[in-house]
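> So I've got this file, start_2.txt, and it contains compact mmCIF, N, CA, C and O atoms:
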```
# COMPACT_ATOMS: atom_id res chain seq x y z
N MET E 1 -6.99 -0.49 27.00
CA MET E 1 -6.81 0.35 28.15
C MET E 1 -8.09 0.54 28.91
O MET E 1 -8.06 0.87 30.06
N GLY E 2 -9.23 0.33 28.21
CA GLY E 2 -10.52 0.48 28.87
C GLY E 2 -11.64 0.08 27.93
O GLY E 2 -11.40 -0.33 26.79
N TYR E 3 -12.85 0.21 28.42
CA TYR E 3 -14.03 -0.19 27.65
C TYR E 3 -15.05 0.94 27.67
O TYR E 3 -15.21 1.62 28.69
N VAL E 4 -15.76 1.13 26.55
CA VAL E 4 -16.82 2.13 26.52
C VAL E 4 -17.92 1.70 27.50
O VAL E 4 -18.41 2.51 28.29
N GLU E 5 -18.29 0.42 27.48
CA GLU E 5 -19.23 -0.10 28.46
C GLU E 5 -18.44 -0.55 29.69
O GLU E 5 -17.48 -1.31 29.55
N PRO E 6 -18.84 -0.13 30.89
CA PRO E 6 -18.10 -0.54 32.08
C PRO E 6 -18.13 -2.05 32.30
O PRO E 6 -17.17 -2.63 32.78
N ARG E 7 -19.24 -2.68 31.93
CA ARG E 7 -19.39 -4.14 31.93
C ARG E 7 -20.22 -4.49 30.69
O ARG E 7 -21.05 -3.69 30.26
N PRO E 8 -20.02 -5.67 30.13
CA PRO E 8 -20.76 -6.02 28.92
C PRO E 8 -22.26 -5.85 29.10
O PRO E 8 -22.85 -6.33 30.07
N GLY E 9 -22.88 -5.10 28.18
CA GLY E 9 -24.31 -4.88 28.21
C GLY E 9 -24.77 -3.74 29.09
O GLY E 9 -25.95 -3.41 29.10
N ILE E 10 -23.85 -3.12 29.84
CA ILE E 10 -24.20 -2.01 30.73
C ILE E 10 -23.81 -0.71 30.02
O ILE E 10 -22.62 -0.48 29.76
N PRO E 11 -24.78 0.15 29.70
CA PRO E 11 -24.44 1.41 29.04
C PRO E 11 -23.54 2.28 29.94
O PRO E 11 -23.67 2.26 31.16
N PRO E 12 -22.63 3.03 29.33
CA PRO E 12 -21.73 3.87 30.12
C PRO E 12 -22.47 5.07 30.73
O PRO E 12 -23.31 5.68 30.08
N SER E 13 -22.13 5.37 31.97
CA SER E 13 -22.66 6.57 32.61
C SER E 13 -21.84 7.77 32.11
O SER E 13 -20.73 7.60 31.59
N PRO E 14 -22.37 8.98 32.28
CA PRO E 14 -21.57 10.16 31.91
C PRO E 14 -20.23 10.20 32.64
O PRO E 14 -19.21 10.55 32.05
N GLY E 15 -20.24 9.82 33.91
CA GLY E 15 -18.99 9.81 34.68
C GLY E 15 -17.97 8.83 34.13
O GLY E 15 -16.77 9.13 34.05
N HIS E 16 -18.44 7.64 33.74
CA HIS E 16 -17.53 6.64 33.17
C HIS E 16 -16.94 7.15 31.85
O HIS E 16 -15.75 7.00 31.59
N THR E 17 -17.80 7.77 31.03
CA THR E 17 -17.35 8.30 29.74
C THR E 17 -16.29 9.39 29.93
O THR E 17 -15.26 9.39 29.26
N ILE E 18 -16.53 10.28 30.87
CA ILE E 18 -15.56 11.36 31.15
C ILE E 18 -14.25 10.77 31.67
O ILE E 18 -13.16 11.21 31.27
N GLU E 19 -14.33 9.76 32.53
CA GLU E 19 -13.12 9.10 33.04
C GLU E 19 -12.34 8.45 31.91
O GLU E 19 -11.11 8.56 31.84
N LEU E 20 -13.06 7.77 31.00
CA LEU E 20 -12.40 7.11 29.87
C LEU E 20 -11.72 8.14 28.96
O LEU E 20 -10.58 7.94 28.53
N ILE E 21 -12.39 9.25 28.69
CA ILE E 21 -11.80 10.31 27.87
C ILE E 21 -10.53 10.84 28.53
O ILE E 21 -9.50 11.02 27.88
N GLY E 22 -10.57 11.05 29.85
CA GLY E 22 -9.38 11.52 30.57
C GLY E 22 -8.22 10.55 30.47
O GLY E 22 -7.07 10.95 30.24
N MET E 23 -8.50 9.24 30.63
CA MET E 23 -7.44 8.22 30.51
C MET E 23 -6.86 8.20 29.11
O MET E 23 -5.65 8.09 28.93
N MET E 24 -7.73 8.29 28.11
CA MET E 24 -7.25 8.26 26.72
C MET E 24 -6.39 9.46 26.41
O MET E 24 -5.35 9.33 25.75
N LYS E 25 -6.80 10.63 26.86
CA LYS E 25 -5.98 11.83 26.64
C LYS E 25 -4.64 11.72 27.35
O LYS E 25 -3.60 12.05 26.79
N ARG E 26 -4.68 11.25 28.58
CA ARG E 26 -3.45 11.12 29.37
C ARG E 26 -2.45 10.16 28.72
O ARG E 26 -1.25 10.42 28.66
N ASP E 27 -2.98 9.04 28.18
CA ASP E 27 -2.11 8.01 27.61
C ASP E 27 -1.92 8.12 26.10
O ASP E 27 -1.24 7.30 25.50
N GLY E 28 -2.55 9.12 25.48
CA GLY E 28 -2.38 9.32 24.04
C GLY E 28 -3.08 8.29 23.18
O GLY E 28 -2.68 8.07 22.04
N VAL E 29 -4.13 7.67 23.70
CA VAL E 29 -4.88 6.66 22.93
C VAL E 29 -5.79 7.38 21.95
O VAL E 29 -6.53 8.28 22.32
N LYS E 30 -5.75 6.98 20.68
CA LYS E 30 -6.49 7.65 19.62
C LYS E 30 -7.43 6.74 18.85
O LYS E 30 -8.04 7.17 17.88
N VAL E 31 -7.57 5.48 19.26
CA VAL E 31 -8.39 4.53 18.51
C VAL E 31 -9.37 3.84 19.46
O VAL E 31 -9.00 3.43 20.55
N ILE E 32 -10.63 3.74 19.00
CA ILE E 32 -11.65 3.00 19.72
C ILE E 32 -12.13 1.91 18.78
O ILE E 32 -12.57 2.18 17.66
N LEU E 33 -12.04 0.65 19.21
CA LEU E 33 -12.50 -0.48 18.42
C LEU E 33 -13.89 -0.87 18.90
O LEU E 33 -14.11 -1.01 20.10
N VAL E 34 -14.82 -1.02 17.96
CA VAL E 34 -16.17 -1.45 18.30
C VAL E 34 -16.60 -2.58 17.37
O VAL E 34 -16.13 -2.66 16.24
N GLU E 35 -17.48 -3.43 17.87
CA GLU E 35 -18.04 -4.48 17.04
C GLU E 35 -19.24 -3.90 16.28
O GLU E 35 -19.86 -2.94 16.72
N PRO E 36 -19.58 -4.48 15.13
CA PRO E 36 -20.57 -3.87 14.23
C PRO E 36 -21.98 -3.72 14.80
O PRO E 36 -22.76 -2.95 14.29
N TYR E 37 -22.33 -4.44 15.85
CA TYR E 37 -23.69 -4.37 16.35
C TYR E 37 -23.87 -3.33 17.45
O TYR E 37 -24.97 -3.16 17.98
N PHE E 38 -22.83 -2.58 17.82
CA PHE E 38 -22.95 -1.54 18.84
C PHE E 38 -23.35 -0.21 18.24
O PHE E 38 -22.98 0.13 17.12
N ASP E 39 -24.12 0.57 19.01
CA ASP E 39 -24.46 1.93 18.63
C ASP E 39 -23.18 2.76 18.66
O ASP E 39 -22.39 2.67 19.60
N LEU E 40 -22.96 3.57 17.65
CA LEU E 40 -21.71 4.33 17.52
C LEU E 40 -21.78 5.72 18.15
O LEU E 40 -20.78 6.44 18.14
N LYS E 41 -22.92 6.11 18.72
CA LYS E 41 -23.06 7.46 19.24
C LYS E 41 -22.01 7.78 20.32
O LYS E 41 -21.28 8.76 20.21
N THR E 42 -21.92 6.97 21.36
CA THR E 42 -20.95 7.24 22.44
C THR E 42 -19.51 7.07 21.96
O THR E 42 -18.68 7.94 22.22
N PRO E 43 -19.16 5.97 21.26
CA PRO E 43 -17.79 5.87 20.76
C PRO E 43 -17.39 7.05 19.88
O PRO E 43 -16.28 7.55 19.98
N ASN E 44 -18.30 7.52 19.02
CA ASN E 44 -17.98 8.66 18.16
C ASN E 44 -17.75 9.93 18.97
O ASN E 44 -16.86 10.72 18.65
N SER E 45 -18.54 10.14 20.01
CA SER E 45 -18.33 11.35 20.83
C SER E 45 -17.02 11.25 21.61
O SER E 45 -16.31 12.25 21.75
N ILE E 46 -16.67 10.06 22.07
CA ILE E 46 -15.37 9.88 22.74
C ILE E 46 -14.24 10.11 21.74
O ILE E 46 -13.26 10.80 22.04
N GLY E 47 -14.37 9.54 20.54
CA GLY E 47 -13.36 9.74 19.51
C GLY E 47 -13.16 11.20 19.19
O GLY E 47 -12.02 11.67 19.03
N SER E 48 -14.24 11.96 19.10
CA SER E 48 -14.13 13.40 18.83
C SER E 48 -13.42 14.11 19.98
O SER E 48 -12.60 15.00 19.75
N ALA E 49 -13.73 13.71 21.21
CA ALA E 49 -13.15 14.37 22.38
C ALA E 49 -11.64 14.16 22.48
O ALA E 49 -10.93 15.01 23.01
N VAL E 50 -11.16 13.03 21.96
CA VAL E 50 -9.72 12.73 22.06
C VAL E 50 -9.01 12.94 20.73
O VAL E 50 -7.84 12.60 20.59
N ASN E 51 -9.74 13.48 19.74
CA ASN E 51 -9.16 13.67 18.41
C ASN E 51 -8.72 12.34 17.82
O ASN E 51 -7.65 12.23 17.24
N GLY E 52 -9.57 11.32 18.01
CA GLY E 52 -9.21 9.98 17.57
C GLY E 52 -10.19 9.43 16.55
O GLY E 52 -11.00 10.16 15.98
N ARG E 53 -10.08 8.12 16.32
CA ARG E 53 -10.90 7.43 15.32
C ARG E 53 -11.62 6.25 15.95
O ARG E 53 -11.10 5.59 16.84
N VAL E 54 -12.80 5.97 15.43
CA VAL E 54 -13.57 4.79 15.80
C VAL E 54 -13.47 3.81 14.64
O VAL E 54 -13.76 4.17 13.49
N LEU E 55 -13.04 2.60 14.93
CA LEU E 55 -12.93 1.57 13.90
C LEU E 55 -13.88 0.43 14.24
O LEU E 55 -13.85 -0.10 15.34
N VAL E 56 -14.74 0.09 13.28
CA VAL E 56 -15.67 -1.03 13.46
C VAL E 56 -14.94 -2.29 12.99
O VAL E 56 -14.52 -2.38 11.84
N MET E 57 -14.78 -3.22 13.90
CA MET E 57 -14.03 -4.45 13.62
C MET E 57 -14.96 -5.66 13.73
O MET E 57 -15.77 -5.74 14.66
N LEU E 58 -14.85 -6.58 12.81
CA LEU E 58 -15.64 -7.81 12.87
C LEU E 58 -15.12 -8.68 14.02
O LEU E 58 -13.90 -8.82 14.19
N PRO E 59 -16.02 -9.29 14.80
CA PRO E 59 -15.57 -10.09 15.93
C PRO E 59 -15.06 -11.47 15.54
O PRO E 59 -14.37 -12.13 16.31
N SER E 60 -15.40 -11.94 14.31
CA SER E 60 -14.96 -13.27 13.92
C SER E 60 -15.02 -13.42 12.40
O SER E 60 -15.65 -12.63 11.70
N VAL E 61 -14.40 -14.46 11.92
CA VAL E 61 -14.44 -14.79 10.49
C VAL E 61 -15.87 -15.14 10.13
O VAL E 61 -16.58 -15.79 10.88
N GLY E 62 -16.32 -14.66 8.98
CA GLY E 62 -17.67 -14.94 8.52
C GLY E 62 -18.66 -13.84 8.82
O GLY E 62 -19.82 -13.92 8.47
N GLY E 63 -18.21 -12.78 9.48
CA GLY E 63 -19.08 -11.66 9.81
C GLY E 63 -19.49 -10.85 8.59
O GLY E 63 -20.47 -10.13 8.63
N GLU E 64 -18.73 -10.95 7.53
CA GLU E 64 -19.03 -10.30 6.26
C GLU E 64 -18.72 -11.27 5.14
O GLU E 64 -17.85 -12.13 5.29
N LYS E 65 -19.38 -11.10 4.01
CA LYS E 65 -19.18 -12.00 2.88
C LYS E 65 -17.71 -12.07 2.47
O LYS E 65 -17.18 -13.14 2.20
N GLU E 66 -17.03 -10.90 2.47
CA GLU E 66 -15.62 -10.86 2.05
C GLU E 66 -14.67 -11.37 3.13
O GLU E 66 -13.53 -11.68 2.86
N GLY E 67 -15.14 -11.47 4.36
CA GLY E 67 -14.27 -11.88 5.47
C GLY E 67 -14.28 -13.38 5.69
O GLY E 67 -14.71 -13.86 6.72
N ASN E 68 -13.79 -14.12 4.70
CA ASN E 68 -13.82 -15.57 4.81
C ASN E 68 -12.52 -16.16 5.33
O ASN E 68 -12.33 -17.36 5.30
N GLY E 69 -11.63 -15.36 5.82
CA GLY E 69 -10.39 -15.84 6.40
C GLY E 69 -9.86 -14.82 7.38
O GLY E 69 -10.24 -13.65 7.36
N LEU E 70 -8.98 -15.24 8.26
CA LEU E 70 -8.48 -14.37 9.31
C LEU E 70 -7.87 -13.08 8.77
O LEU E 70 -8.12 -12.00 9.27
N PHE E 71 -7.11 -13.17 7.70
CA PHE E 71 -6.41 -11.99 7.19
C PHE E 71 -7.36 -11.01 6.49
O PHE E 71 -7.01 -9.85 6.29
N GLN E 72 -8.56 -11.44 6.15
CA GLN E 72 -9.54 -10.52 5.56
C GLN E 72 -10.27 -9.71 6.63
O GLN E 72 -10.84 -8.68 6.32
N VAL E 73 -10.31 -10.17 7.88
CA VAL E 73 -11.03 -9.45 8.93
C VAL E 73 -10.13 -8.60 9.80
O VAL E 73 -10.61 -7.82 10.59
N VAL E 74 -8.83 -8.73 9.67
CA VAL E 74 -7.92 -7.90 10.48
C VAL E 74 -7.34 -6.78 9.67
O VAL E 74 -7.35 -6.70 8.51
```
Turn this file's structure into structure tokens for me.

Amino acid sequence: MGYVEPRPGIPPSPGHTIELIGMMKRDGVKVILVEPYFDLKTPNSIGSAVNGRVLVMLPSVGGEKEGNGLFQVV
């Protein structure tokens, strides 16, 4: 439904973050997916604001020792 970063590599402004929180509340979205190399500070604050959860997801197979197949990373 949206992205924490407005464009890849561009940190979110306070206005963008507030807009995203509003959209998530309006649509009942409770999950934020992030890749393991992102700072969790903003996603965690958004998750708290919407009473939701932040899930760190591997972007591909091989990102972790145990994730050697598609079904291990999903």
> One decimal, in Å: what's the spacing between CA of Glu35 in chain E and CA of Ile21 in chain E?
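One can read the CA of Glu35 in chain E to CA of Ile21 in chain E distance as 19.4 Å.
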> Once DSSP has gone over the backbone, tell me which residues of chain E are in strand (DSSP E), as a ChimeraX atom specification.
/E:31-34,53-56
> Please write the residues from the selection above to a file, keeping N, CA, C and O atoms, as a PDB file, keeping the file's coordinate frame.

```pdb
ATOM      1  N   VAL E  31      -7.570   5.480  19.260  1.00  0.00           N
ATOM      2  CA  VAL E  31      -8.390   4.530  18.510  1.00  0.00           C
ATOM      3  C   VAL E  31      -9.370   3.840  19.460  1.00  0.00           C
ATOM      4  O   VAL E  31      -9.000   3.430  20.550  1.00  0.00           O
ATOM      5  N   ILE E  32     -10.630   3.740  19.000  1.00  0.00           N
ATOM      6  CA  ILE E  32     -11.650   3.000  19.720  1.00  0.00           C
ATOM      7  C   ILE E  32     -12.130   1.910  18.780  1.00  0.00           C
ATOM      8  O   ILE E  32     -12.570   2.180  17.660  1.00  0.00           O
ATOM      9  N   LEU E  33     -12.040   0.650  19.210  1.00  0.00           N
ATOM     10  CA  LEU E  33     -12.500  -0.480  18.420  1.00  0.00           C
ATOM     11  C   LEU E  33     -13.890  -0.870  18.900  1.00  0.00           C
ATOM     12  O   LEU E  33     -14.110  -1.010  20.100  1.00  0.00           O
ATOM     13  N   VAL E  34     -14.820  -1.020  17.960  1.00  0.00           N
ATOM     14  CA  VAL E  34     -16.170  -1.450  18.300  1.00  0.00           C
ATOM     15  C   VAL E  34     -16.600  -2.580  17.370  1.00  0.00           C
ATOM     16  O   VAL E  34     -16.130  -2.660  16.240  1.00  0.00           O
ATOM     17  N   ARG E  53     -10.080   8.120  16.320  1.00  0.00           N
ATOM     18  CA  ARG E  53     -10.900   7.430  15.320  1.00  0.00           C
ATOM     19  C   ARG E  53     -11.620   6.250  15.950  1.00  0.00           C
ATOM     20  O   ARG E  53     -11.100   5.590  16.840  1.00  0.00           O
ATOM     21  N   VAL E  54     -12.800   5.970  15.430  1.00  0.00           N
ATOM     22  CA  VAL E  54     -13.570   4.790  15.800  1.00  0.00           C
ATOM     23  C   VAL E  54     -13.470   3.810  14.640  1.00  0.00           C
ATOM     24  O   VAL E  54     -13.760   4.170  13.490  1.00  0.00           O
ATOM     25  N   LEU E  55     -13.040   2.600  14.930  1.00  0.00           N
ATOM     26  CA  LEU E  55     -12.930   1.570  13.900  1.00  0.00           C
ATOM     27  C   LEU E  55     -13.880   0.430  14.240  1.00  0.00           C
ATOM     28  O   LEU E  55     -13.850  -0.100  15.340  1.00  0.00           O
ATOM     29  N   VAL E  56     -14.740   0.090  13.280  1.00  0.00           N
ATOM     30  CA  VAL E  56     -15.670  -1.030  13.460  1.00  0.00           C
ATOM     31  C   VAL E  56     -14.940  -2.290  12.990  1.00  0.00           C
ATOM     32  O   VAL E  56     -14.520  -2.380  11.840  1.00  0.00           O
TER      33      VAL E  56
END
```
> Please identify all polymer residues within 7 Å of range 13-17 of chain E, counting all atoms listed in the file, omitting same-chain residues fewer than 6 positions from it, and present them as a VMD selection string.
chain E and resid 3 to 4 6 23 46
> Could you check the closest approach to Leu33 in chain E for each of E:Ser45, E:Gly2, E:Val50, E:Ile18 and tell me which residue wins, using all atoms listed in the file?
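Checking each of E:Ser45, E:Gly2, E:Val50, E:Ile18 against Leu33 in chain E, counting all atoms listed in the file, the winner is E:Gly2.
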> Which one of E:Gly22, E:Pro8, E:Gly28, E:Pro36 sits closest to Met57 in chain E if you count only C-alpha atoms?
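Among E:Gly22, E:Pro8, E:Gly28, E:Pro36, it is E:Pro36 that comes nearest to Met57 in chain E.
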> Per DSSP on the backbone, what are the alpha helix (DSSP H) residues of chain E, as a list in words?
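Of chain E, the ones in alpha helix (DSSP H) are Pro14, Gly15, His16, Thr17, Ile18, Glu19, Leu20, Ile21, Gly22, Met23, Met24, Lys25, Arg26, Asp27, Lys41, Thr42, Pro43, Asn44, Ser45, Ile46, Gly47, Ser48, Ala49, Leu70, Phe71, Gln72 and Val73 of chain E.
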